[in-house]
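K.L.:
For reference, this is target-v6.txt, and it has compact mmCIF, C-alpha atoms and all ligand atoms.
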```txt
# COMPACT_ATOMS: atom_id res chain seq x y z
CA MET U 27 -22.06 -26.84 -9.71
CA SER U 28 -20.12 -24.07 -11.43
CA SER U 29 -23.31 -22.99 -13.23
CA GLU U 30 -24.73 -21.99 -9.82
CA LEU U 31 -21.80 -19.69 -9.12
CA LEU U 32 -22.21 -15.95 -9.50
CA LYS U 33 -20.68 -14.32 -12.57
CA ARG U 34 -17.96 -11.83 -11.71
CA ARG U 35 -18.94 -9.13 -14.23
CA SER U 36 -22.51 -8.98 -13.00
CA VAL U 37 -21.31 -9.10 -9.39
CA VAL U 38 -19.06 -6.08 -10.00
CA ALA U 39 -21.84 -4.29 -11.89
CA ARG U 40 -24.09 -4.80 -8.83
CA VAL U 41 -21.40 -3.79 -6.34
CA LEU U 42 -20.74 -0.53 -8.22
CA ARG U 43 -24.31 0.20 -9.34
CA ASP U 44 -24.94 2.92 -6.76
CA ARG U 45 -21.31 3.86 -6.23
CA GLY U 46 -21.83 7.65 -6.33
CA ASP U 47 -18.45 9.25 -5.77
CA THR U 48 -16.89 6.14 -4.20
CA LEU U 49 -13.18 5.80 -4.96
CA VAL U 50 -12.38 2.37 -6.37
CA VAL U 51 -9.01 0.62 -6.27
CA THR U 52 -8.62 -2.54 -8.33
CA GLY U 53 -6.25 -5.44 -7.80
CA LEU U 54 -4.25 -6.46 -10.85
CA GLY U 55 -5.69 -8.50 -13.70
CA ASN U 56 -9.28 -9.63 -13.98
CA SER U 57 -10.59 -7.47 -11.14
CA SER U 58 -9.46 -4.36 -13.01
CA TYR U 59 -10.96 -5.65 -16.27
CA ASP U 60 -14.27 -6.22 -14.48
CA VAL U 61 -14.30 -2.68 -13.09
CA ALA U 62 -13.20 -1.16 -16.42
CA GLY U 63 -15.87 -3.19 -18.22
CA THR U 64 -18.73 -2.22 -15.94
CA SER U 65 -17.96 1.14 -14.29
CA ASP U 66 -14.98 2.96 -15.81
CA SER U 67 -14.47 6.28 -14.07
CA ALA U 68 -11.81 8.82 -13.21
CA HIS U 69 -12.50 7.73 -9.63
CA ASN U 70 -10.98 4.31 -10.38
CA PHE U 71 -7.33 3.60 -9.63
CA TYR U 72 -6.37 0.56 -11.70
CA LEU U 73 -3.36 -1.40 -10.49
CA TRP U 74 -1.46 -3.31 -13.16
CA GLY U 75 0.92 -4.89 -10.66
CA ALA U 76 1.65 -4.29 -6.96
CA MET U 77 0.31 -7.78 -6.25
CA GLY U 78 -0.57 -8.02 -2.55
CA GLY U 79 -0.80 -4.25 -2.23
CA ALA U 80 -4.38 -3.41 -3.20
CA ALA U 81 -5.86 -3.49 0.33
CA VAL U 82 -3.14 -1.29 1.82
CA PHE U 83 -3.28 1.07 -1.16
CA GLY U 84 -6.93 1.43 -0.18
CA LEU U 85 -5.89 2.03 3.43
CA GLY U 86 -3.59 4.96 2.58
CA LEU U 87 -6.24 6.40 0.27
CA ALA U 88 -8.99 6.02 2.88
CA ARG U 89 -6.86 7.83 5.47
CA ALA U 90 -6.05 10.63 3.02
CA GLN U 91 -9.75 10.99 2.08
CA PRO U 92 -11.76 10.33 5.25
CA GLY U 93 -14.86 11.95 3.74
CA ARG U 94 -15.08 9.56 0.80
CA ARG U 95 -15.91 5.88 0.59
CA VAL U 96 -13.02 3.77 -0.69
CA LEU U 97 -13.69 0.34 -2.16
CA VAL U 98 -10.93 -2.12 -3.04
CA ILE U 99 -11.99 -4.78 -5.55
CA THR U 100 -9.47 -7.55 -5.95
CA GLY U 101 -8.89 -11.26 -6.58
CA ASP U 102 -8.31 -14.12 -4.16
CA GLY U 103 -4.74 -14.62 -5.38
CA GLU U 104 -3.95 -10.93 -4.95
CA MET U 105 -5.45 -10.90 -1.46
CA LEU U 106 -3.59 -14.06 -0.45
CA MET U 107 -0.27 -12.39 -1.32
CA GLY U 108 -1.12 -9.60 1.13
CA LEU U 109 -2.52 -11.59 4.07
CA GLY U 110 -0.40 -9.55 6.47
CA SER U 111 -2.06 -6.43 5.14
CA LEU U 112 -5.36 -7.68 6.59
CA ALA U 113 -3.77 -7.39 10.03
CA THR U 114 -2.52 -3.90 9.18
CA VAL U 115 -5.93 -2.82 7.88
CA ALA U 116 -7.74 -4.42 10.84
CA VAL U 117 -5.64 -2.53 13.36
CA ASP U 118 -6.01 0.82 11.58
CA ALA U 119 -9.66 0.17 10.61
CA PRO U 120 -10.77 3.30 8.75
CA ALA U 121 -14.57 3.54 8.76
CA ASN U 122 -14.67 4.46 5.05
CA LEU U 123 -12.81 1.42 3.68
CA GLY U 124 -14.38 -1.65 2.11
CA ILE U 125 -12.58 -4.61 0.55
CA VAL U 126 -14.31 -6.95 -1.90
CA VAL U 127 -12.57 -10.14 -2.97
CA LEU U 128 -13.77 -11.81 -6.17
CA ASP U 129 -12.95 -15.37 -5.17
CA ASN U 130 -12.86 -17.70 -8.19
CA GLU U 131 -10.50 -20.02 -6.27
CA ARG U 132 -8.09 -19.62 -9.16
CA PHE U 133 -5.12 -17.62 -10.33
CA ALA U 134 -7.15 -17.08 -13.50
CA GLU U 135 -4.82 -14.54 -15.06
CA THR U 136 -1.87 -16.94 -15.08
CA GLY U 137 -3.68 -20.04 -16.33
CA MET U 138 -6.37 -21.07 -13.86
CA GLN U 139 -4.13 -22.70 -11.27
CA ALA U 140 -5.97 -23.46 -8.01
CA THR U 141 -5.41 -20.96 -5.19
CA HIS U 142 -5.42 -21.70 -1.48
CA THR U 143 -9.12 -20.85 -1.27
CA ALA U 144 -9.81 -23.86 -3.53
CA ARG U 145 -8.14 -25.97 -0.86
CA GLY U 146 -10.01 -24.75 2.19
CA VAL U 147 -8.42 -21.44 3.14
CA ASP U 148 -11.15 -19.10 4.37
CA LEU U 149 -10.32 -15.47 3.56
CA ALA U 150 -13.32 -14.04 5.41
CA GLY U 151 -12.37 -16.12 8.46
CA ILE U 152 -8.79 -14.82 8.29
CA ALA U 153 -10.06 -11.24 8.04
CA ARG U 154 -12.38 -11.76 11.02
CA ALA U 155 -9.60 -13.36 13.07
CA ALA U 156 -7.38 -10.39 12.22
CA GLY U 157 -10.03 -8.11 13.70
CA ILE U 158 -12.20 -7.00 10.79
CA ALA U 159 -15.45 -7.83 12.54
CA ASP U 160 -17.64 -7.05 9.55
CA ALA U 161 -16.28 -9.80 7.30
CA CYS U 162 -18.54 -12.17 5.41
CA LEU U 163 -18.78 -14.68 2.60
CA VAL U 164 -21.33 -14.26 -0.21
CA ARG U 165 -22.32 -17.19 -2.43
CA THR U 166 -25.73 -16.36 -3.90
CA ALA U 167 -27.50 -13.48 -5.60
CA ASP U 168 -29.75 -13.07 -2.53
CA GLU U 169 -26.79 -12.88 -0.19
CA LEU U 170 -25.16 -10.33 -2.50
CA GLU U 171 -28.32 -8.16 -2.46
CA ARG U 172 -28.50 -8.24 1.32
CA ARG U 173 -24.82 -7.41 1.66
CA MET U 174 -25.04 -4.50 -0.79
CA GLU U 175 -27.96 -2.99 1.09
CA THR U 176 -25.76 -2.42 4.14
CA LEU U 177 -22.33 -1.87 2.61
CA GLY U 178 -22.72 1.73 1.46
CA ALA U 179 -23.69 2.93 4.94
CA ALA U 180 -21.13 0.84 6.84
CA LYS U 181 -19.50 2.56 9.81
CA THR U 182 -16.50 0.24 10.02
CA THR U 183 -14.01 -1.39 7.67
CA THR U 184 -15.80 -4.15 5.77
CA PHE U 185 -14.49 -7.27 4.09
CA THR U 186 -16.61 -9.21 1.62
CA VAL U 187 -15.55 -12.39 -0.13
CA ILE U 188 -17.76 -13.24 -3.10
CA LYS U 189 -17.46 -16.69 -4.62
CA VAL U 190 -17.56 -16.32 -8.40
CA SER U 191 -17.29 -18.56 -11.43
CA SER U 192 -13.91 -18.92 -13.11
CA GLU U 193 -15.33 -18.77 -16.63
CA PRO U 194 -13.63 -16.18 -18.83
CA ASN U 195 -15.14 -12.80 -19.73
CA PRO U 196 -14.84 -10.57 -22.81
CA THR U 197 -11.72 -8.42 -22.70
CA ALA U 198 -12.26 -4.97 -21.16
CA LEU U 199 -8.87 -3.42 -20.57
CA PRO U 200 -8.55 -0.24 -18.52
CA PRO U 201 -6.00 2.39 -19.52
CA ARG U 202 -2.53 1.13 -18.72
CA ASP U 203 -0.37 4.24 -18.74
CA GLY U 204 0.49 4.78 -15.07
CA PRO U 205 0.94 8.57 -15.12
CA TYR U 206 -2.38 8.90 -17.00
CA ILE U 207 -4.22 6.73 -14.47
CA ARG U 208 -2.84 8.62 -11.47
CA SER U 209 -3.29 12.09 -12.98
CA ARG U 210 -6.85 11.36 -14.11
CA PHE U 211 -7.63 10.05 -10.63
CA ARG U 212 -5.96 12.88 -8.71
CA GLU U 213 -7.44 15.59 -10.91
CA ALA U 214 -10.95 14.21 -10.44
CA LEU U 215 -10.40 13.99 -6.69
CA LEU U 216 -8.26 17.02 -5.88
CA GLY U 217 -8.84 19.46 -8.75
CA ALA U 218 -6.06 22.00 -9.21
CA ALA U 219 -4.34 20.80 -6.03
CA ALA U 220 -3.41 17.66 -7.96
CA HIS U 221 -0.69 19.67 -9.69
CA ARG U 222 0.77 21.51 -6.74
CA MET Y 27 23.16 23.62 20.31
CA SER Y 28 21.08 21.84 17.69
CA ALA Y 29 18.51 19.14 18.41
CA ASP Y 30 19.41 15.46 18.12
CA TRP Y 31 19.16 13.92 14.65
CA PRO Y 32 15.86 11.99 15.11
CA THR Y 33 14.20 15.21 16.25
CA GLN Y 34 15.70 17.00 13.26
CA ILE Y 35 14.29 14.36 10.91
CA PHE Y 36 10.90 14.71 12.60
CA GLU Y 37 10.96 18.50 12.10
CA GLU Y 38 11.87 18.04 8.43
CA LEU Y 39 9.02 15.55 7.92
CA LYS Y 40 6.63 18.02 9.51
CA SER Y 41 7.76 20.92 7.35
CA ALA Y 42 7.53 18.68 4.25
CA ASP Y 43 3.84 18.20 5.19
CA VAL Y 44 4.20 14.45 5.70
CA ARG Y 45 0.84 13.23 7.02
CA GLN Y 46 1.15 9.44 6.96
CA VAL Y 47 4.08 7.57 8.46
CA ALA Y 48 4.34 3.81 7.95
CA PHE Y 49 6.95 1.56 9.47
CA VAL Y 50 8.24 -1.81 10.48
CA PRO Y 51 10.23 -0.76 13.54
CA ASP Y 52 13.98 -0.61 13.71
CA ALA Y 53 15.75 0.28 16.94
CA GLY Y 54 17.42 3.15 15.09
CA HIS Y 55 14.02 4.64 14.28
CA SER Y 56 12.49 4.26 17.75
CA GLN Y 57 12.77 7.90 18.79
CA LEU Y 58 11.47 9.16 15.44
CA ILE Y 59 8.55 6.71 15.65
CA ARG Y 60 7.64 8.00 19.13
CA LEU Y 61 7.75 11.60 17.91
CA CYS Y 62 5.54 10.81 14.90
CA GLU Y 63 3.06 8.85 17.04
CA ALA Y 64 2.73 11.82 19.37
CA GLU Y 65 2.19 14.30 16.51
CA PRO Y 66 -1.52 14.96 15.86
CA THR Y 67 -1.00 15.91 12.20
CA MET Y 68 0.66 12.57 11.45
CA HIS Y 69 -1.14 9.25 11.07
CA THR Y 70 1.16 6.36 11.95
CA VAL Y 71 0.64 2.78 10.78
CA THR Y 72 2.58 -0.29 11.88
CA LEU Y 73 3.11 -2.67 8.96
CA THR Y 74 3.59 -6.43 8.96
CA THR Y 75 6.07 -6.12 6.07
CA GLU Y 76 7.71 -3.09 4.49
CA GLU Y 77 6.18 -3.57 1.05
CA GLU Y 78 2.78 -2.80 2.56
CA GLY Y 79 4.08 0.69 3.24
CA ILE Y 80 5.01 1.21 -0.42
CA ALA Y 81 1.46 0.45 -1.54
CA MET Y 82 -0.12 2.28 1.39
CA LEU Y 83 1.79 5.49 0.73
CA GLY Y 84 0.98 5.16 -2.97
CA GLY Y 85 -2.69 5.25 -1.98
CA ALA Y 86 -2.05 8.15 0.39
CA TRP Y 87 -0.46 10.24 -2.37
CA ALA Y 88 -3.20 9.30 -4.84
CA GLY Y 89 -5.54 10.74 -2.21
CA GLY Y 90 -3.53 13.93 -1.77
CA GLN Y 91 -1.38 13.21 1.28
CA ARG Y 92 2.38 12.85 1.56
CA GLY Y 93 3.94 10.01 3.48
CA ALA Y 94 7.21 8.65 4.77
CA LEU Y 95 8.28 5.03 5.09
CA LEU Y 96 10.62 4.09 7.92
CA MET Y 97 12.48 0.80 7.83
CA GLN Y 98 15.67 -1.07 8.52
CA SER Y 99 17.97 -1.98 5.61
CA SER Y 100 16.81 -5.60 5.72
CA GLY Y 101 13.31 -4.34 4.91
CA VAL Y 102 14.50 -3.00 1.56
CA GLY Y 103 14.67 -6.61 0.42
CA ASN Y 104 10.93 -6.92 1.04
CA CYS Y 105 10.08 -3.95 -1.16
CA ILE Y 106 11.57 -4.30 -4.61
CA ASN Y 107 8.63 -5.48 -6.72
CA MET Y 108 6.19 -3.16 -4.95
CA LEU Y 109 8.39 -0.17 -5.86
CA SER Y 110 7.31 -0.61 -9.48
CA LEU Y 111 4.04 1.00 -8.36
CA GLN Y 112 5.64 4.39 -7.76
CA GLN Y 113 8.08 3.93 -10.64
CA GLU Y 114 5.47 3.06 -13.25
CA TYR Y 115 2.78 5.54 -12.13
CA ARG Y 116 5.46 8.16 -11.41
CA MET Y 117 4.44 8.84 -7.85
CA PRO Y 118 6.69 10.09 -5.05
CA LEU Y 119 7.90 7.89 -2.25
CA PHE Y 120 10.15 9.01 0.56
CA ALA Y 121 11.91 6.33 2.61
CA LEU Y 122 14.25 6.60 5.57
CA VAL Y 123 16.36 3.48 5.93
CA THR Y 124 18.44 2.84 9.04
CA MET Y 125 21.42 0.71 8.10
CA ARG Y 126 22.49 -2.61 9.54
CA GLY Y 127 25.26 -4.81 8.23
CA ASP Y 128 27.35 -1.69 8.25
CA TRP Y 129 29.80 0.15 10.56
CA GLY Y 130 30.53 -2.01 13.65
CA GLU Y 131 27.90 -4.70 12.93
CA PHE Y 132 27.79 -7.73 15.27
CA ASN Y 133 25.18 -9.95 13.55
CA PRO Y 134 26.60 -11.70 10.45
CA GLN Y 135 23.14 -12.26 8.96
CA GLN Y 136 22.71 -8.49 8.57
CA ILE Y 137 25.69 -8.26 6.20
CA PRO Y 138 24.29 -9.56 2.88
CA MET Y 139 21.22 -7.30 2.78
CA GLY Y 140 22.99 -4.39 4.46
CA GLN Y 141 25.77 -4.42 1.91
CA SER Y 142 23.38 -4.73 -1.04
CA THR Y 143 20.82 -2.17 0.18
CA GLY Y 144 22.17 0.75 -1.86
CA PRO Y 145 22.94 -1.20 -5.07
CA VAL Y 146 19.58 -3.02 -4.98
CA LEU Y 147 17.64 0.22 -4.53
CA GLU Y 148 19.62 1.88 -7.33
CA ALA Y 149 19.04 -1.10 -9.60
CA ALA Y 150 15.31 -0.57 -8.99
CA GLY Y 151 15.65 3.07 -10.07
CA VAL Y 152 15.52 4.63 -6.61
CA LEU Y 153 17.50 7.83 -5.95
CA VAL Y 154 19.67 7.01 -2.97
CA TYR Y 155 21.38 9.41 -0.57
CA ARG Y 156 23.51 8.33 2.35
CA CYS Y 157 24.05 10.15 5.60
CA ASP Y 158 26.95 9.08 7.80
CA ASP Y 159 27.24 12.34 9.72
CA ALA Y 160 24.50 13.50 12.10
CA ALA Y 161 25.49 17.12 11.43
CA LEU Y 162 24.32 16.70 7.81
CA MET Y 163 21.07 14.89 8.64
CA ALA Y 164 18.60 17.79 8.52
CA ASP Y 165 20.01 19.07 5.25
CA THR Y 166 20.04 15.60 3.67
CA VAL Y 167 16.49 14.79 4.71
CA ARG Y 168 15.15 18.20 3.68
CA HIS Y 169 16.59 18.04 0.19
CA ALA Y 170 15.89 14.37 -0.39
CA ALA Y 171 12.23 14.91 0.59
CA ALA Y 172 12.01 18.00 -1.62
CA LEU Y 173 13.36 16.00 -4.55
CA ALA Y 174 10.86 13.18 -3.97
CA PHE Y 175 7.78 15.37 -3.65
CA ASN Y 176 8.70 18.10 -6.14
CA THR Y 177 9.57 15.70 -8.95
CA SER Y 178 7.46 12.62 -8.08
CA ARG Y 179 10.45 10.35 -7.62
CA VAL Y 180 11.28 7.49 -5.31
CA VAL Y 181 13.98 8.68 -2.92
CA ALA Y 182 15.65 6.85 -0.05
CA VAL Y 183 17.97 8.22 2.60
CA LEU Y 184 20.25 5.58 4.08
CA ILE Y 185 21.19 6.46 7.64
CA GLY Y 186 24.54 4.85 8.39
CA GLN Y 187 25.22 2.74 11.46
CA ARG Y 188 27.93 5.29 12.19
CA VAL Y 189 25.12 7.74 13.00
CA VAL Y 190 22.66 5.30 14.57
CA GLY Y 191 25.33 3.49 16.58
CA ALA Y 192 26.01 -0.22 16.26
CA LYS Y 193 23.51 -2.40 18.11
CA ASN Y 194 24.80 -3.62 21.46
CA PHE Y 195 24.10 -7.34 21.97
CA PHE Y 196 25.56 -7.39 25.50
CA LYS Y 197 22.98 -5.46 27.49
C1 LIG Z 1 4.54 -10.45 -7.38
C2 LIG Z 1 3.82 -11.13 -8.49
N1 LIG Z 1 3.79 -12.49 -8.55
C3 LIG Z 1 3.12 -13.11 -9.55
C4 LIG Z 1 2.49 -12.39 -10.53
C5 LIG Z 1 1.77 -13.08 -11.64
N2 LIG Z 1 0.32 -12.93 -11.50
C6 LIG Z 1 -0.37 -12.01 -12.19
S1 LIG Z 1 -2.01 -12.09 -11.91
C7 LIG Z 1 -1.82 -13.40 -10.86
C8 LIG Z 1 -3.01 -14.13 -10.29
C9 LIG Z 1 -3.98 -13.25 -9.68
O1 LIG Z 1 -4.96 -14.07 -9.13
P1 LIG Z 1 -6.29 -13.44 -8.58
O2 LIG Z 1 -5.98 -12.24 -7.80
O3 LIG Z 1 -7.07 -14.52 -7.92
O4 LIG Z 1 -6.98 -12.93 -9.91
P2 LIG Z 1 -7.93 -13.71 -10.98
O5 LIG Z 1 -7.17 -13.64 -12.28
O6 LIG Z 1 -8.16 -15.10 -10.52
O7 LIG Z 1 -9.16 -12.90 -11.00
C10 LIG Z 1 -0.48 -13.74 -10.73
C11 LIG Z 1 0.03 -14.85 -9.90
C12 LIG Z 1 2.56 -10.97 -10.43
N3 LIG Z 1 1.97 -10.17 -11.35
N4 LIG Z 1 3.21 -10.38 -9.42
MG MG Z 2 -8.67 -15.58 -8.54
```
Have the structure of the file written as structure tokens, please.
P.N.:
Amino acid sequence: MSSELLKRRSVVARVLRDRGDTLVVTGLGNSSYDVAGTSDSAHNFYLWGAMGGAAVFGLGLARAQPGRRVLVITGDGEMLMGLGSLATVAVDAPANLGIVVLDNERFAETGMQATHTARGVDLAGIARAAGIADACLVRTADELERRMETLGAAKTTTFTVIKVSSEPNPTALPPRDGPYIRSRFREALLGAAAHR
Amino acid sequence: MSADWPTQIFEELKSADVRQVAFVPDAGHSQLIRLCEAEPTMHTVTLTTEEEGIAMLGGAWAGGQRGALLMQSSGVGNCINMLSLQQEYRMPLFALVTMRGDWGEFNPQQIPMGQSTGPVLEAAGVLVYRCDDAALMADTVRHAAALAFNTSRVVAVLIGQRVVGAKNFFK
């Protein structure tokens, strides 16, 4: 069963393959390691905490940068802590915001405890009920391909839950100095205005 | 003579170039919220819990826009862990907190959080300024916002119930 599940590193590599100048926000823990390990960039904002805040961090960023695509990549546990933020995002609905949840049905970072999604909670269904109409669940490589073909050109907020295996990956830590992460990001995005 | 204090706060937010305003409503903020919602240069977002606003305005500043978070003192209790975002990445956050559990309070349940609002924020490293006199509001807000955005610090202005007026439960 678990051998049929997608592998999170290759999922993230596919999601970010044609990212261009997309701004990427990562939820804490494994999601940030996946992004650092496959597509490190000054256009990545790695969160090392702020659990439950990744989607709304993406919302503020998307509103500040309406001309850029913003993609939040986070875990099921992180997203579950911010369920209310799905309502907030759904109501504001910036066209340039996408949220991808790497759903391993586990709090992997803290010892593989089962999350609510392992027990039937449907994150894509919650997002859709909150009003994010373009919300879907991806289980296979084919479904991932089809989803990725449309995601980059989406004209509304999107929400994509991708079921992934919980098997561990080689360590790929992003930088962890907060001021470095934010200055690298802001300089790449804003140039000299980053220091005004 | 001078405008009322919510209008003065609004003018200060505008001149500080605040572009995103996030809030869980408090009655004491209702006029300011209406002014911000009517202002085309400001994007307003209603939150389900105050901590969302901390993360949202972190994203806004990362993207080059300043924000303000409006909440009631009870909302401070929802924010503490999320504040480590601004603290650890050294990003500004400007919060306006209308006090409950304060001068003339009627509802006993507002007392514990209201009385610990200042100490809890300070324990989390937030720079806290209190305004209990409407005549000092514009000056307080202007300088607190300048401090936040000039030095990338987390700054909160606590607006006392003496200014807001105690909530009337007998309408
Ligand atoms: C407020 C808060 N509570 C708990 C933790 C501990 N914690 C760190 S990562 C994590 C699990 C994250 O799960 P998920 O987002 O599914 O990521 P995964 O490791 O499974 O990819 C938890 C509970 C924390 N960092 N912050
Ligand atoms: Mg998980």
K.L.:
In Å, how far is it from CA of Thr184 (chain U) to CA of Arg208 (chain U)?
P.N.:
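CA of Thr184 (chain U) sits 25.1 Å away from CA of Arg208 (chain U).
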K.L.:
From the set U:Thr141, U:Thr52, U:Ser67, U:Gln91, which residue has the shortest atom-to-atom contact distance to chain Y, counting all atoms listed in the file?
P.N.:
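Closest residue, counting all atoms listed in the file: U:Gln91.
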K.L.:
Output as a Markdown table one row per residue of chain U within 12 Å of ligand MG 2 (chain Z): the closest atom pair and its distance in Å to one decimal place, counting only C-alpha atoms and all ligand atoms, sorted by chain and residue number ascending.
P.N.:
```
| residue | atom | partner | partner_atom | distance |
| --- | --- | --- | --- | --- |
| U:Arg34 | CA | Z:MG2 | MG | 10.5 |
| U:Gly53 | CA | Z:MG2 | MG | 10.5 |
| U:Leu54 | CA | Z:MG2 | MG | 10.4 |
| U:Gly55 | CA | Z:MG2 | MG | 9.3 |
| U:Asn56 | CA | Z:MG2 | MG | 8.1 |
| U:Ser57 | CA | Z:MG2 | MG | 8.7 |
| U:Ile99 | CA | Z:MG2 | MG | 11.7 |
| U:Thr100 | CA | Z:MG2 | MG | 8.5 |
| U:Gly101 | CA | Z:MG2 | MG | 4.7 |
| U:Asp102 | CA | Z:MG2 | MG | 4.6 |
| U:Gly103 | CA | Z:MG2 | MG | 5.1 |
| U:Glu104 | CA | Z:MG2 | MG | 7.5 |
| U:Met105 | CA | Z:MG2 | MG | 9.1 |
| U:Leu106 | CA | Z:MG2 | MG | 9.7 |
| U:Met107 | CA | Z:MG2 | MG | 11.5 |
| U:Val127 | CA | Z:MG2 | MG | 8.7 |
| U:Leu128 | CA | Z:MG2 | MG | 6.8 |
| U:Asp129 | CA | Z:MG2 | MG | 5.5 |
| U:Asn130 | CA | Z:MG2 | MG | 4.7 |
| U:Glu131 | CA | Z:MG2 | MG | 5.3 |
| U:Arg132 | CA | Z:MG2 | MG | 4.1 |
| U:Phe133 | CA | Z:MG2 | MG | 4.5 |
| U:Ala134 | CA | Z:MG2 | MG | 5.4 |
| U:Glu135 | CA | Z:MG2 | MG | 7.6 |
| U:Thr136 | CA | Z:MG2 | MG | 9.5 |
| U:Gly137 | CA | Z:MG2 | MG | 10.3 |
| U:Met138 | CA | Z:MG2 | MG | 8.0 |
| U:Gln139 | CA | Z:MG2 | MG | 8.9 |
| U:Ala140 | CA | Z:MG2 | MG | 8.3 |
| U:Thr141 | CA | Z:MG2 | MG | 7.1 |
| U:His142 | CA | Z:MG2 | MG | 9.9 |
| U:Thr143 | CA | Z:MG2 | MG | 9.0 |
| U:Ala144 | CA | Z:MG2 | MG | 9.7 |
| U:Val187 | CA | Z:MG2 | MG | 11.3 |
| U:Ile188 | CA | Z:MG2 | MG | 10.8 |
| U:Lys189 | CA | Z:MG2 | MG | 9.7 |
| U:Val190 | CA | Z:MG2 | MG | 8.9 |
| U:Ser191 | CA | Z:MG2 | MG | 9.6 |
| U:Ser192 | CA | Z:MG2 | MG | 7.7 |
| U:Glu193 | CA | Z:MG2 | MG | 11.0 |
| U:Pro194 | CA | Z:MG2 | MG | 11.4 |
```
K.L.:
With only C-alpha atoms as the atoms that count, which of Y:Thr72, Y:Thr124, Y:Ser56, Y:Thr166 lies nearest to Gln187 (chain Y)?
P.N.:
Y:Thr124
K.L.:
Please define a box with edges along x, y and z of the file around all atoms of region 145-149 of chain Y given in the file, extend it by 6 Å on each side, and return its centre and edge lengths in Å to one decimal, as JSON.
P.N.:
```
{"center_x": 20.3, "center_y": -0.6, "center_z": -7.1, "size_x": 17.3, "size_y": 16.9, "size_z": 17.1}
```
K.L.:
Show me, as a list in words, the residues that have an atom within 9 Å of Pro32 (chain Y) when counting all atoms listed in the file, minus same-chain residues fewer than 3 positions from it.
P.N.:
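Skipping anything fewer than 3 positions along the chain leaves Ala29, Ile35, Phe36, Glu37, Gly54, His55, Ser56, Gln57, Leu58, Leu61 and Met163 of chain Y.
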K.L.:
Rounded to one decimal, what separation in Å do you get between atom O7 of ligand LIG 1 (chain Z) and CA of Met174 (chain U)?
P.N.:
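These atoms are spaced 20.7 Å apart.
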K.L.:
Can you check which residues of chain U have any atom within 9 Å of chain Y? Use only C-alpha atoms and format it as an NGL selection string.
P.N.:
:U and (51 or 71 or 73-91 or 108 or 110-111 or 113-114 or 117-118 or 203-209 or 211-212 or 215-216 or 219-220 or 222)
K.L.:
So what do you get for CA of Leu109 (chain U) versus atom O3 of ligand LIG 1 (chain Z), distance-wise?
P.N.:
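Between these atoms lies a distance of 13.2 Å.
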K.L.:
Which residues, protein or nucleic acid, reach to within 10 Å of (15.1, -8.3, -1.5) in the file's coordinates when using all atoms listed in the file, and can you give that as a list in words?
P.N.:
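Nearby residues: Ser99, Ser100, Gly101, Val102, Gly103, Asn104, Cys105, Ile106, Asn107, Met139, Ser142, Thr143, Val146 and Leu147 of chain Y.
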K.L.:
Given all atoms listed in the file as the basis, pick out the residue of U:Arg35, U:Arg210, U:Arg172, U:Arg202 nearest to ligand LIG 1 (chain Z).
P.N.:
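Of U:Arg35, U:Arg210, U:Arg172, U:Arg202, the one nearest ligand LIG 1 (chain Z) is U:Arg35, counting all atoms listed in the file.
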K.L.:
Determine, counting all atoms listed in the file, every residue of protein, DNA or RNA that lies within 6 Å of (10.7, 4.7, 10.9) in the file coordinates, then give the result as a list in words.
P.N.:
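Final list of nearby residues, as requested, is Phe49, His55, Ile59, Leu96 and Met97 of chain Y.
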K.L.:
Could you list, as a list in words, every residue within 8 Å of Met125 (chain Y), counting only C-alpha atoms and ignoring same-chain residues fewer than 5 positions away?
P.N.:
Gln98, Ser99, Gly140, Leu184, Ile185, Gly186 and Gln187 of chain Y
